[in-house]
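Asks: See entry-v4.pdb below, with PDB, C-alpha atoms and all ligand atoms.
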```
ATOM      1  CA  MET A   1     -40.520 -50.978 -16.738  1.00  0.00           C
ATOM      2  CA  THR A   2     -40.165 -51.126 -12.975  1.00  0.00           C
ATOM      3  CA  LEU A   3     -42.599 -49.360 -10.688  1.00  0.00           C
ATOM      4  CA  LEU A   4     -40.915 -47.855  -7.655  1.00  0.00           C
ATOM      5  CA  HIS A   5     -42.647 -46.142  -4.771  1.00  0.00           C
ATOM      6  CA  VAL A   6     -40.186 -43.580  -3.404  1.00  0.00           C
ATOM      7  CA  ASN A   7     -40.997 -40.949  -0.795  1.00  0.00           C
ATOM      8  CA  ASP A   8     -44.750 -41.416  -1.320  1.00  0.00           C
ATOM      9  CA  GLN A   9     -44.534 -40.984  -5.078  1.00  0.00           C
ATOM     10  CA  SER A  10     -44.736 -43.661  -7.740  1.00  0.00           C
ATOM     11  CA  HIS A  11     -42.161 -43.722 -10.536  1.00  0.00           C
ATOM     12  CA  GLU A  12     -42.019 -45.931 -13.601  1.00  0.00           C
ATOM     13  CA  VAL A  13     -38.359 -46.413 -14.410  1.00  0.00           C
ATOM     14  CA  GLU A  14     -36.279 -48.494 -16.754  1.00  0.00           C
ATOM     15  CA  ALA A  15     -34.099 -50.862 -14.762  1.00  0.00           C
ATOM     16  CA  SER A  16     -32.025 -53.786 -15.969  1.00  0.00           C
ATOM     17  CA  ASP A  17     -31.745 -57.035 -14.054  1.00  0.00           C
ATOM     18  CA  TYR A  18     -28.478 -55.724 -12.647  1.00  0.00           C
ATOM     19  CA  ASP A  19     -29.319 -52.147 -11.687  1.00  0.00           C
ATOM     20  CA  SER A  20     -29.187 -51.586  -7.962  1.00  0.00           C
ATOM     21  CA  LEU A  21     -31.729 -49.418  -6.216  1.00  0.00           C
ATOM     22  CA  ALA A  22     -28.936 -46.890  -5.616  1.00  0.00           C
ATOM     23  CA  ASP A  23     -28.154 -46.818  -9.361  1.00  0.00           C
ATOM     24  CA  VAL A  24     -31.773 -46.112 -10.209  1.00  0.00           C
ATOM     25  CA  LEU A  25     -32.192 -43.489  -7.498  1.00  0.00           C
ATOM     26  CA  HIS A  26     -29.209 -41.628  -8.944  1.00  0.00           C
ATOM     27  CA  GLU A  27     -29.447 -42.230 -12.652  1.00  0.00           C
ATOM     28  CA  ARG A  28     -33.203 -42.342 -13.285  1.00  0.00           C
ATOM     29  CA  LEU A  29     -34.725 -40.375 -10.430  1.00  0.00           C
ATOM     30  CA  HIS A  30     -31.861 -37.903  -9.919  1.00  0.00           C
ATOM     31  CA  MET A  31     -31.993 -38.338  -6.171  1.00  0.00           C
ATOM     32  CA  TYR A  32     -28.378 -37.956  -5.125  1.00  0.00           C
ATOM     33  CA  GLY A  33     -28.818 -37.873  -1.347  1.00  0.00           C
ATOM     34  CA  THR A  34     -28.291 -41.635  -1.074  1.00  0.00           C
ATOM     35  CA  ARG A  35     -24.527 -42.025  -1.254  1.00  0.00           C
ATOM     36  CA  VAL A  36     -22.572 -45.068  -2.336  1.00  0.00           C
ATOM     37  CA  SER A  37     -19.169 -45.787  -0.827  1.00  0.00           C
ATOM     38  CA  CYS A  38     -18.216 -49.463  -0.525  1.00  0.00           C
ATOM     39  CA  ALA A  39     -20.957 -50.785  -2.860  1.00  0.00           C
ATOM     40  CA  GLU A  40     -20.653 -54.077  -0.972  1.00  0.00           C
ATOM     41  CA  GLY A  41     -23.174 -53.714   1.833  1.00  0.00           C
ATOM     42  CA  GLU A  42     -20.496 -53.052   4.437  1.00  0.00           C
ATOM     43  CA  CYS A  43     -20.541 -49.334   5.264  1.00  0.00           C
ATOM     44  CA  GLY A  44     -24.195 -48.316   5.507  1.00  0.00           C
ATOM     45  CA  CYS A  45     -23.529 -45.167   3.498  1.00  0.00           C
ATOM     46  CA  CYS A  46     -26.367 -45.956   1.089  1.00  0.00           C
ATOM     47  CA  THR A  47     -28.971 -46.730   3.756  1.00  0.00           C
ATOM     48  CA  VAL A  48     -32.593 -46.094   2.824  1.00  0.00           C
ATOM     49  CA  LEU A  49     -35.739 -47.347   4.512  1.00  0.00           C
ATOM     50  CA  MET A  50     -37.608 -50.130   2.741  1.00  0.00           C
ATOM     51  CA  ASP A  51     -41.050 -50.641   4.240  1.00  0.00           C
ATOM     52  CA  GLY A  52     -39.698 -48.656   7.173  1.00  0.00           C
ATOM     53  CA  VAL A  53     -36.639 -50.837   7.808  1.00  0.00           C
ATOM     54  CA  PRO A  54     -33.028 -49.862   6.984  1.00  0.00           C
ATOM     55  CA  ALA A  55     -31.730 -51.409   3.791  1.00  0.00           C
ATOM     56  CA  THR A  56     -28.536 -50.933   1.794  1.00  0.00           C
ATOM     57  CA  ALA A  57     -29.515 -49.533  -1.595  1.00  0.00           C
ATOM     58  CA  CYS A  58     -26.218 -50.634  -3.157  1.00  0.00           C
ATOM     59  CA  LEU A  59     -27.099 -54.300  -2.678  1.00  0.00           C
ATOM     60  CA  ILE A  60     -30.818 -54.263  -3.426  1.00  0.00           C
ATOM     61  CA  LEU A  61     -31.733 -54.668  -7.048  1.00  0.00           C
ATOM     62  CA  ALA A  62     -34.180 -52.048  -8.251  1.00  0.00           C
ATOM     63  CA  ARG A  63     -36.522 -54.804  -9.316  1.00  0.00           C
ATOM     64  CA  GLN A  64     -36.469 -56.242  -5.801  1.00  0.00           C
ATOM     65  CA  ALA A  65     -37.718 -52.887  -4.530  1.00  0.00           C
ATOM     66  CA  GLU A  66     -40.758 -52.962  -6.793  1.00  0.00           C
ATOM     67  CA  GLY A  67     -43.939 -52.704  -4.754  1.00  0.00           C
ATOM     68  CA  ARG A  68     -42.067 -51.746  -1.587  1.00  0.00           C
ATOM     69  CA  SER A  69     -42.230 -48.365   0.089  1.00  0.00           C
ATOM     70  CA  ILE A  70     -38.820 -46.685  -0.174  1.00  0.00           C
ATOM     71  CA  THR A  71     -37.858 -43.657   1.902  1.00  0.00           C
ATOM     72  CA  THR A  72     -34.676 -41.762   1.094  1.00  0.00           C
ATOM     73  CA  ILE A  73     -33.110 -38.761   2.783  1.00  0.00           C
ATOM     74  CA  GLU A  74     -35.045 -36.546   0.333  1.00  0.00           C
ATOM     75  CA  GLY A  75     -38.248 -37.893   1.862  1.00  0.00           C
ATOM     76  CA  LEU A  76     -37.440 -36.915   5.446  1.00  0.00           C
ATOM     77  CA  GLY A  77     -37.511 -33.142   5.296  1.00  0.00           C
ATOM     78  CA  THR A  78     -37.072 -30.177   3.009  1.00  0.00           C
ATOM     79  CA  SER A  79     -34.479 -27.422   3.149  1.00  0.00           C
ATOM     80  CA  GLY A  80     -37.041 -25.114   4.747  1.00  0.00           C
ATOM     81  CA  ASN A  81     -38.477 -27.761   7.031  1.00  0.00           C
ATOM     82  CA  LEU A  82     -35.797 -30.193   8.143  1.00  0.00           C
ATOM     83  CA  HIS A  83     -36.581 -33.369  10.027  1.00  0.00           C
ATOM     84  CA  PRO A  84     -35.504 -33.024  13.697  1.00  0.00           C
ATOM     85  CA  ILE A  85     -32.724 -35.565  13.118  1.00  0.00           C
ATOM     86  CA  GLN A  86     -31.377 -33.557  10.182  1.00  0.00           C
ATOM     87  CA  GLN A  87     -31.512 -30.372  12.252  1.00  0.00           C
ATOM     88  CA  ALA A  88     -29.751 -32.031  15.181  1.00  0.00           C
ATOM     89  CA  PHE A  89     -26.921 -33.226  12.919  1.00  0.00           C
ATOM     90  CA  ILE A  90     -26.381 -29.615  11.873  1.00  0.00           C
ATOM     91  CA  ASP A  91     -26.646 -28.237  15.404  1.00  0.00           C
ATOM     92  CA  GLU A  92     -24.313 -30.861  16.895  1.00  0.00           C
ATOM     93  CA  HIS A  93     -21.862 -30.866  13.950  1.00  0.00           C
ATOM     94  CA  GLY A  94     -22.584 -34.556  13.434  1.00  0.00           C
ATOM     95  CA  PHE A  95     -20.346 -34.816  10.390  1.00  0.00           C
ATOM     96  CA  GLN A  96     -17.016 -33.796   8.935  1.00  0.00           C
ATOM     97  CA  CYS A  97     -17.011 -34.457   5.174  1.00  0.00           C
ATOM     98  CA  ALA A  98     -20.702 -35.501   5.429  1.00  0.00           C
ATOM     99  CA  TYR A  99     -20.433 -38.286   2.862  1.00  0.00           C
ATOM    100  CA  CYS A 100     -21.801 -40.790   5.376  1.00  0.00           C
ATOM    101  CA  THR A 101     -24.439 -38.476   6.833  1.00  0.00           C
ATOM    102  CA  SER A 102     -27.557 -39.437   4.921  1.00  0.00           C
ATOM    103  CA  GLY A 103     -26.971 -43.102   5.732  1.00  0.00           C
ATOM    104  CA  PHE A 104     -26.556 -42.317   9.422  1.00  0.00           C
ATOM    105  CA  ILE A 105     -29.688 -40.172   9.441  1.00  0.00           C
ATOM    106  CA  MET A 106     -31.770 -42.902   7.809  1.00  0.00           C
ATOM    107  CA  ALA A 107     -30.467 -45.468  10.300  1.00  0.00           C
ATOM    108  CA  ALA A 108     -31.155 -43.044  13.149  1.00  0.00           C
ATOM    109  CA  THR A 109     -34.702 -42.514  11.900  1.00  0.00           C
ATOM    110  CA  TYR A 110     -35.390 -46.211  12.303  1.00  0.00           C
ATOM    111  CA  LEU A 111     -33.574 -46.352  15.630  1.00  0.00           C
ATOM    112  CA  LEU A 112     -35.640 -43.550  17.160  1.00  0.00           C
ATOM    113  CA  GLU A 113     -38.872 -45.025  15.860  1.00  0.00           C
ATOM    114  CA  GLN A 114     -37.998 -48.241  17.651  1.00  0.00           C
ATOM    115  CA  ASN A 115     -36.542 -46.598  20.743  1.00  0.00           C
ATOM    116  CA  PRO A 116     -37.460 -42.933  21.315  1.00  0.00           C
ATOM    117  CA  ASN A 117     -35.321 -42.658  24.464  1.00  0.00           C
ATOM    118  CA  PRO A 118     -32.063 -44.480  23.764  1.00  0.00           C
ATOM    119  CA  THR A 119     -28.938 -44.428  25.895  1.00  0.00           C
ATOM    120  CA  THR A 120     -25.598 -43.462  24.392  1.00  0.00           C
ATOM    121  CA  GLU A 121     -24.731 -47.154  24.176  1.00  0.00           C
ATOM    122  CA  GLU A 122     -28.014 -47.962  22.440  1.00  0.00           C
ATOM    123  CA  VAL A 123     -27.405 -45.236  19.866  1.00  0.00           C
ATOM    124  CA  ALA A 124     -23.902 -46.572  19.219  1.00  0.00           C
ATOM    125  CA  GLU A 125     -25.278 -50.095  18.881  1.00  0.00           C
ATOM    126  CA  GLY A 126     -28.176 -48.967  16.679  1.00  0.00           C
ATOM    127  CA  LEU A 127     -25.798 -47.199  14.309  1.00  0.00           C
ATOM    128  CA  SER A 128     -23.159 -49.924  14.318  1.00  0.00           C
ATOM    129  CA  GLY A 129     -23.946 -50.851  10.709  1.00  0.00           C
ATOM    130  CA  ASN A 130     -22.799 -47.438   9.530  1.00  0.00           C
ATOM    131  CA  ILE A 131     -19.173 -46.425   9.104  1.00  0.00           C
ATOM    132  CA  CYS A 132     -17.877 -42.858   9.279  1.00  0.00           C
ATOM    133  CA  ARG A 133     -14.444 -42.738   7.739  1.00  0.00           C
ATOM    134  CA  CYS A 134     -13.846 -39.304   9.271  1.00  0.00           C
ATOM    135  CA  GLY A 135     -14.407 -40.727  12.749  1.00  0.00           C
ATOM    136  CA  ALA A 136     -17.091 -38.214  13.688  1.00  0.00           C
ATOM    137  CA  TYR A 137     -18.822 -40.789  15.900  1.00  0.00           C
ATOM    138  CA  PRO A 138     -19.029 -38.766  19.150  1.00  0.00           C
ATOM    139  CA  PHE A 139     -20.735 -35.905  17.315  1.00  0.00           C
ATOM    140  CA  ILE A 140     -23.011 -38.251  15.387  1.00  0.00           C
ATOM    141  CA  ILE A 141     -24.107 -39.987  18.585  1.00  0.00           C
ATOM    142  CA  GLN A 142     -24.697 -36.653  20.300  1.00  0.00           C
ATOM    143  CA  ALA A 143     -26.774 -35.499  17.319  1.00  0.00           C
ATOM    144  CA  VAL A 144     -29.013 -38.548  17.636  1.00  0.00           C
ATOM    145  CA  LEU A 145     -29.387 -38.071  21.408  1.00  0.00           C
ATOM    146  CA  THR A 146     -30.299 -34.415  20.844  1.00  0.00           C
ATOM    147  CA  ALA A 147     -32.804 -35.343  18.141  1.00  0.00           C
ATOM    148  CA  ALA A 148     -34.338 -37.963  20.421  1.00  0.00           C
ATOM    149  CA  GLU A 149     -34.821 -35.436  23.198  1.00  0.00           C
ATOM    150  CA  ARG A 150     -36.353 -32.858  20.860  1.00  0.00           C
ATOM    151  CA  MET A 151     -38.680 -35.418  19.288  1.00  0.00           C
ATOM    152  CA  ARG A 152     -39.841 -36.614  22.728  1.00  0.00           C
ATOM    153  CA  ASN A 153     -40.569 -33.026  23.694  1.00  0.00           C
ATOM    154  CA  GLN A 154     -42.657 -32.563  20.535  1.00  0.00           C
ATOM    155  CA  ARG A 155     -44.921 -35.454  21.448  1.00  0.00           C
TER     156      ARG A 155
HETATM  157  S1  LIG B 201     -22.337 -48.244  -0.188  1.00  0.00           S
HETATM  158 FE1  LIG B 201     -23.926 -49.571   0.337  1.00  0.00          FE
HETATM  159  S2  LIG B 201     -23.270 -50.451   2.193  1.00  0.00           S
HETATM  160 FE2  LIG B 201     -21.557 -49.279   1.534  1.00  0.00          FE
HETATM  161  S1  LIG B 202     -18.270 -37.361   8.068  1.00  0.00           S
HETATM  162 FE1  LIG B 202     -16.844 -38.047   6.559  1.00  0.00          FE
HETATM  163  S2  LIG B 202     -17.294 -40.148   6.377  1.00  0.00           S
HETATM  164 FE2  LIG B 202     -18.513 -39.510   8.021  1.00  0.00          FE
END
```
Any chance you could give the structure as structure tokens?

Replies:
Amino acid sequence: MTLLHVNDQSHEVEASDYDSLADVLHERLHMYGTRVSCAEGECGCCTVLMDGVPATACLILARQAEGRSITTIEGLGTSGNLHPIQQAFIDEHGFQCAYCTSGFIMAATYLLEQNPNPTTEEVAEGLSGNICRCGAYPFIIQAVLTAAERMRNQR
């Protein structure tokens, strides 16, 4: 058994030597918010936070995540109480098909923790590990800038 700590809850799961963290999130924990696209660590679609730092769940073996604190999109907010970044993506239409969105939001969460008042260029740079195949970048960047402003005003 593998003990995973996901969104402040501990889960004992069966994981083979080859199961990725993304596989286990989907197949054992039924958390489908973490999306897999390239499965090669290139697109950032599957981004989660591991000990607070962005990590690609398609490349991390579940067993490597044992003992680490994993945060997925399900851990950010709830449907009745969205995280400000989630809300800003909705308000600014920061998506088209939305397949990439959870990865962008997790990357943005880290970015705004590191830099609460980023410039447009710093947002673009901070999200450069994430690919949006729909090309919704201007809206995504605006969503992060809006979230940053709202989060600063909450402080
Ligand atoms: S699906 Fe993991 S980086 Fe593309
Ligand atoms: S909104 Fe479709 S891939 Fe980004």

Asks: Could you tell me, counting all atoms listed in the file, which protein and nucleic acid residues lie no more than 10 Å from ligand LIG 201 (chain B), written as a PDB file with C-alpha atoms, in the coordinates of the input?

Replies:
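That gives us pocket.pdb:
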```
ATOM      1  CA  ALA A  22     -28.936 -46.890  -5.616  1.00  0.00           C
ATOM      2  CA  THR A  34     -28.291 -41.635  -1.074  1.00  0.00           C
ATOM      3  CA  ARG A  35     -24.527 -42.025  -1.254  1.00  0.00           C
ATOM      4  CA  VAL A  36     -22.572 -45.068  -2.336  1.00  0.00           C
ATOM      5  CA  SER A  37     -19.169 -45.787  -0.827  1.00  0.00           C
ATOM      6  CA  CYS A  38     -18.216 -49.463  -0.525  1.00  0.00           C
ATOM      7  CA  ALA A  39     -20.957 -50.785  -2.860  1.00  0.00           C
ATOM      8  CA  GLU A  40     -20.653 -54.077  -0.972  1.00  0.00           C
ATOM      9  CA  GLY A  41     -23.174 -53.714   1.833  1.00  0.00           C
ATOM     10  CA  GLU A  42     -20.496 -53.052   4.437  1.00  0.00           C
ATOM     11  CA  CYS A  43     -20.541 -49.334   5.264  1.00  0.00           C
ATOM     12  CA  GLY A  44     -24.195 -48.316   5.507  1.00  0.00           C
ATOM     13  CA  CYS A  45     -23.529 -45.167   3.498  1.00  0.00           C
ATOM     14  CA  CYS A  46     -26.367 -45.956   1.089  1.00  0.00           C
ATOM     15  CA  THR A  47     -28.971 -46.730   3.756  1.00  0.00           C
ATOM     16  CA  VAL A  48     -32.593 -46.094   2.824  1.00  0.00           C
ATOM     17  CA  ALA A  55     -31.730 -51.409   3.791  1.00  0.00           C
ATOM     18  CA  THR A  56     -28.536 -50.933   1.794  1.00  0.00           C
ATOM     19  CA  ALA A  57     -29.515 -49.533  -1.595  1.00  0.00           C
ATOM     20  CA  CYS A  58     -26.218 -50.634  -3.157  1.00  0.00           C
ATOM     21  CA  LEU A  59     -27.099 -54.300  -2.678  1.00  0.00           C
ATOM     22  CA  ILE A  60     -30.818 -54.263  -3.426  1.00  0.00           C
ATOM     23  CA  CYS A 100     -21.801 -40.790   5.376  1.00  0.00           C
ATOM     24  CA  GLY A 103     -26.971 -43.102   5.732  1.00  0.00           C
ATOM     25  CA  GLY A 129     -23.946 -50.851  10.709  1.00  0.00           C
ATOM     26  CA  ASN A 130     -22.799 -47.438   9.530  1.00  0.00           C
ATOM     27  CA  ILE A 131     -19.173 -46.425   9.104  1.00  0.00           C
TER      28      ILE A 131
END
```

Asks: Let me have all residues with an atom within 6 Å of ligand LIG 202 (chain B), counting all atoms listed in the file, laid out as a list in words.

Replies: Phe95, Gln96, Cys97, Ala98, Tyr99, Cys100, Cys132, Arg133, Cys134 and Ala136 of chain A

Asks: When distances are computed from all atoms listed in the file, which of A:Ala62, A:Val53, A:Met151, A:Leu111 shows the smallest separation from Asp17 of chain A?

Replies: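 The closest residue to Asp17 of chain A is A:Ala62.
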
Asks: For each of A:Ser79, A:Gln86, A:Thr119, A:Thr72, take the minimum atom-to-atom distance to Leu25 of chain A, counting only C-alpha atoms, then give the residue where this is smallest.

Replies: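 Residue with the minimum atom-to-atom distance to Leu25 of chain A: A:Thr72.
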
Asks: Emit as lines of an AutoDock Vina configuration file the padded axis-aligned box for all listed atoms of segment 71-77 of chain A, 3 Å per side, with centre and edge lengths in Å to one decimal.

Replies:
```
center_x = -35.7
center_y = -38.4
center_z = 2.9
size_x = 11.1
size_y = 16.5
size_z = 11.1
```

Asks: For a quick check of understanding, using only C-alpha atoms, which of A:Leu29, A:Ile70, A:Ile141, A:Leu76 has the smallest distance to Ser102 of chain A?

Replies: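 That would be A:Leu76, the residue with the smallest distance to Ser102 of chain A.
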
Asks: Kindly give the distance, in Å, that separates atom CA of Tyr110 of chain A and atom CA of Glu27 of chain A, rounded to a single decimal.

Replies: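 Separation of atom CA of Tyr110 of chain A and atom CA of Glu27 of chain A: 26.0 Å.
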
Asks: One decimal, Å: what's the distance from atom CA of Thr2 of chain A over to atom CA of Met31 of chain A, could you say?

Replies: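 Distance reported for this atom pair: 16.6 Å.
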
Asks: What does the distance between atom CA of Arg63 of chain A and atom CA of Glu14 of chain A come to in Å, to one decimal place?

Replies: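 Interatomic distance, atom CA of Arg63 of chain A to atom CA of Glu14 of chain A: 9.8 Å.
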
Asks: Assuming the chain letters and numbering stay as they are in my file, what does the PyMOL selection byres (((chain A and resi 85) around 10) and not hetatm) actually select? List them as a list in words.

Replies: Leu76, Gly77, Leu82, His83, Pro84, Gln86, Gln87, Ala88, Phe89, Ile90, Asp91, Phe104, Ile105, Met106, Ala108, Thr109, Leu112, Ala143, Val144, Leu145, Thr146, Ala147, Ala148, Arg150 and Met151 of chain A

Asks: With distances taken over only C-alpha atoms, which of A:Gly126, A:Gly33, A:Gly135, A:Pro118 is nearest to Glu74 of chain A?

Replies: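 The answer is A:Gly33, which sits nearest to Glu74 of chain A.
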
Asks: Write out as a compact mmCIF listing (two decimals) with C-alpha atoms, keeping the file's coordinate frame each polymer residue whose atoms come within 6 Å of Leu61 of chain A, counting all atoms listed in the file; drop sequence neighbours fewer than 6 positions from it.

Replies:
```txt
# COMPACT_ATOMS: atom_id res chain seq x y z
CA ASP A 19 -29.32 -52.15 -11.69
CA SER A 20 -29.19 -51.59 -7.96
CA LEU A 21 -31.73 -49.42 -6.22
```

Asks: Given the choices A:Glu66, A:Glu149, A:Leu49, A:Pro54, which gets closest to Val13 of chain A if the distance is worked out from all atoms listed in the file?

Replies: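 Ranking A:Glu66, A:Glu149, A:Leu49, A:Pro54 by distance to Val13 of chain A, first place goes to A:Glu66.
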
Asks: From the options A:Leu4, A:Gly94, A:Tyr32, A:Asn81, which residue's atoms come nearest to Gln64 of chain A, counting only C-alpha atoms?

Replies: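 That would be A:Leu4, the residue with the smallest distance to Gln64 of chain A.
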